[in-house]
Structure formats: structure tokens, C-alpha cells
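Right, one structure below, let's go through it.
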Amino acid sequence: MKVRTLHSWPATADEAEAVQDRLRPLLDLTGSGPAEVGTVAGLDVSYEEGTDRLAAAVVVLDAATLRPVEESVVIGTAAFPYVPGLFAFRELPTLVEALERLTTVPDLLVCDGHGLAHPRRFGLACHLGVLTGLPSLGVGKTRLVGSYDPPGEPRGSMSDLVDAGEVVGRVLRTQDGVRPVFVSAGHRIDLDTACRHVLALAPDYRLPETTRRADRLSRQALAGPLPA
DNA sequence: GCGACAG
DNA sequence: ATCTTGTCGC
């Protein structure tokens, strides 16, 4: 599939923040979300210790059966230092390349990291949504911003994630008794629809099958034969 | 000034 | 993200 560029690569943290502020208005936060989701793509990145070598993986699943229909992995390098709030710039170039090698155009992107639950309301999920034009959502394993009350213990329990007085995401328990995940909208989807999809994608484990599969793929790619 | 801080 | 032993719980 094709992915737009929309901006030059930032050289400094200030420039990176400026990019986020400039792309932020391009977000489509109206409407409830994709009408029909046939395929869902999961994205994840694994890093090699000590170096800036990484592997970005995209796995497309059939939304109904959760069976993989296409995979894509690309070895690359971290394109930015890790700075909370600017995390997306590390993985974006390699993730985009992996997406571009995809034959299937997925109906939804499930990203590892936050969407609107971000200090400037433009996390990785928002960024990828705008660049691809596809509906996207973020699933974070830990909090970046916001406060919340602990959700109930049963699977499906949730509570609002609130930052600066606004609901930026939801804390969702995907399995009985496990640590909850942080779900936020990225692009062209609302929070309720996002949570509904994440729950459906996580029938057996804490993390959605999309990210679990992408995680496995990216790790095996890193371990695999290094290019001569 | 002292914490907090996606992956 | 990644490095790591034992340990608690079902």
C-alpha cells in the first residue's frame, strides 16, 4: 500500500514537536469508526540490545477468525533518540516501509503505543493513521499521560483515562485479573469502537493477537540471518 | 526544586 | 525496548 510522507524528518526535539503540532489538525476524530472491518493490522518493533538496529513487523489478520492473511518485516535503524512524547519518530520510517510492502490494505491499524493519550494528542497511532489515511488505534502497556481509577477485575471492565480535564483514552482489562492496557483513538475511530475492537482481538491473552503476532515476527526477524 | 516519563 | 533468577500462584 501507499503511505504519504507529509513532512521532512526532524533533526531536533523542537522540530519533532512542531511536526506533531502541524499534523494534529489532520486527524479525523468525527464518526464512530470503520463500518466494516474485514482485516486488522498489528504493528510492533523489536530492538537489538546496544545498537540502534531494529525490526518492524506488520501482521494482517482476518478480523473474524484472527487468522493471519499477510505479513511484512523490515530491518532498520532507530531514526531518533528515545524521548517520551517523541517515541514515534524512532520507529516510523521502518514501520512505514513495512506497511508499504503490504499487498493488503487493512481496515484498521492496531499500534503498540498511544494515540490521543499523548501530551500533544498525537502519539504513534495518530501519526500512522494520518500518514496512511487508515483508521488506527493505540494500545499501550503502560501510561504516558492521564489519571484513572482502577477498572474492575473482570475482563471487559474499563475506566476513563483523563488528562488536563479531557478523556484521552480508556484503561481496559482484557482478561480477568491481568494488568489493564491503555487504549486510545488514533485516526478515524472513536474510543468506544476502539475498545470494542481491542477486546475482540484479545480473547485469550492480555495483549491483542495483532500485537502478539507482530511482536513474535519482529523478534524472529532480529534473530534471523544478518545481511551479509 | 522534585518526580514522571509510550517503546 | 532489553538485560535477568527466583518466586508466587493456579
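Quick note on naming: the chains in the C-alpha cells go A, B, ... in the order shown, residues restart at 1 in each chain, and ligands are numbered from 1 in order of appearance.
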Using the chain letters and numbers from this document, which residues of stretch 13-148 of chain A does DSSP assign to strand (DSSP E), as a ChimeraX atom specification? /A:39-47,53-62,68-77,108-112,136-140
Please provide as a list in words all residues within 9 Å of A:Val145, with the sequence filter that same-chain residues fewer than 2 positions apart are discarded (counting only C-alpha atoms (C1' of nucleotides)). Ala117, His118, Pro119, Arg143, Ser147, Leu161, Val162, Asp163 and Val168 of chain A; DC5 of chain B
Can you write out the residues you just picked, keeping N, CA, C and O atoms (P, O5', C5', C4', C3', O3' and C1' of nucleotides), as a tab-separated table (two decimals), in the first residue's frame?
```
chain	number	residue	atom	x	y	z
A	117	ALA	N	-3.80	9.59	23.71
A	117	ALA	CA	-3.34	9.61	25.10
A	117	ALA	C	-1.87	10.04	25.15
A	117	ALA	O	-0.99	9.30	25.60
A	118	HIS	N	-1.63	11.23	24.68
A	118	HIS	CA	-0.29	11.76	24.45
A	118	HIS	C	-0.27	13.23	24.85
A	118	HIS	O	-1.29	13.91	24.76
A	119	PRO	N	0.87	13.74	25.31
A	119	PRO	CA	0.93	15.13	25.79
A	119	PRO	C	0.43	16.16	24.78
A	119	PRO	O	-0.15	17.18	25.18
A	143	ARG	N	1.15	3.69	31.08
A	143	ARG	CA	0.61	5.02	30.91
A	143	ARG	C	1.67	6.04	30.50
A	143	ARG	O	2.81	5.96	30.93
A	147	SER	N	-4.76	10.37	34.31
A	147	SER	CA	-5.01	9.69	35.58
A	147	SER	C	-6.29	8.87	35.42
A	147	SER	O	-7.09	9.13	34.53
A	161	LEU	N	-9.40	7.39	30.97
A	161	LEU	CA	-8.07	7.93	31.19
A	161	LEU	C	-8.21	9.43	30.93
A	161	LEU	O	-8.53	9.85	29.81
A	162	VAL	N	-8.01	10.23	31.97
A	162	VAL	CA	-8.26	11.66	31.86
A	162	VAL	C	-6.99	12.48	32.01
A	162	VAL	O	-6.22	12.30	32.95
A	163	ASP	N	-6.76	13.39	31.06
A	163	ASP	CA	-5.59	14.26	31.10
A	163	ASP	C	-6.04	15.70	30.83
A	163	ASP	O	-6.74	15.96	29.86
A	168	VAL	N	-8.84	11.12	27.27
A	168	VAL	CA	-7.93	10.87	26.15
A	168	VAL	C	-7.81	9.39	25.79
A	168	VAL	O	-7.21	9.03	24.78
B	5	DC	P	5.37	7.59	35.41
B	5	DC	O5'	6.00	7.99	34.01
B	5	DC	C5'	5.21	8.74	33.09
B	5	DC	C4'	6.04	9.03	31.86
B	5	DC	C3'	6.93	7.88	31.39
B	5	DC	O3'	6.74	7.62	30.01
B	5	DC	C1'	8.17	9.88	31.50
```
What residues in chain B lie within 12 Å of chain A, counting only C-alpha atoms (C1' of nucleotides), written as a VMD selection string? chain B and resid 4 to 7
I'd like a table as a tab-separated table: residues in chain C with an atom no more than 12 Å from chain A, each row giving the shortest atom pair and its distance in Å to one decimal, only C-alpha atoms (C1' of nucleotides) counted, sorted by chain and rising residue number.
```
residue	atom	partner	partner_atom	distance
C:DA1	C1'	A:Tyr47	CA	5.9
C:DT2	C1'	A:Glu49	CA	5.8
C:DC3	C1'	A:Glu49	CA	8.5
```
For those residues, write C-alpha atoms (C1' of nucleotides) to a file as a compact mmCIF listing (two decimals), in the first residue's frame.
```txt
# COMPACT_ATOMS: atom_id res chain seq x y z
C1' DA C 1 12.87 -1.67 24.13
C1' DT C 2 16.35 -5.11 26.52
C1' DC C 3 19.05 -7.40 30.42
```
Can you pull out every residue within 9 Å of stretch 9-12 of chain A, counting only C-alpha atoms (C1' of nucleotides), but drop anything in the same chain fewer than 6 positions away, and send it as a list in words? Ala18, Val19, Phe80 and Phe89 of chain A
Atom pair atom CA of A:Leu109 / atom CA of A:Pro151: separation (Å):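 One can read the atom CA of A:Leu109 to atom CA of A:Pro151 distance as 25.0 Å.
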Who sits within 12 Å of A:Gly129, only C-alpha atoms (C1' of nucleotides), same chain under 3 positions skipped, as a ChimeraX atom specification: /A:3-4,23-24,26-29,41,92,96,99,106-111,114-116,122-126,132-138,185-189
Would you please work out which residue, of A:Gly76, A:Pro25, A:Pro93, A:Gly146, is nearest to A:Val130 when using only C-alpha atoms? A:Pro25
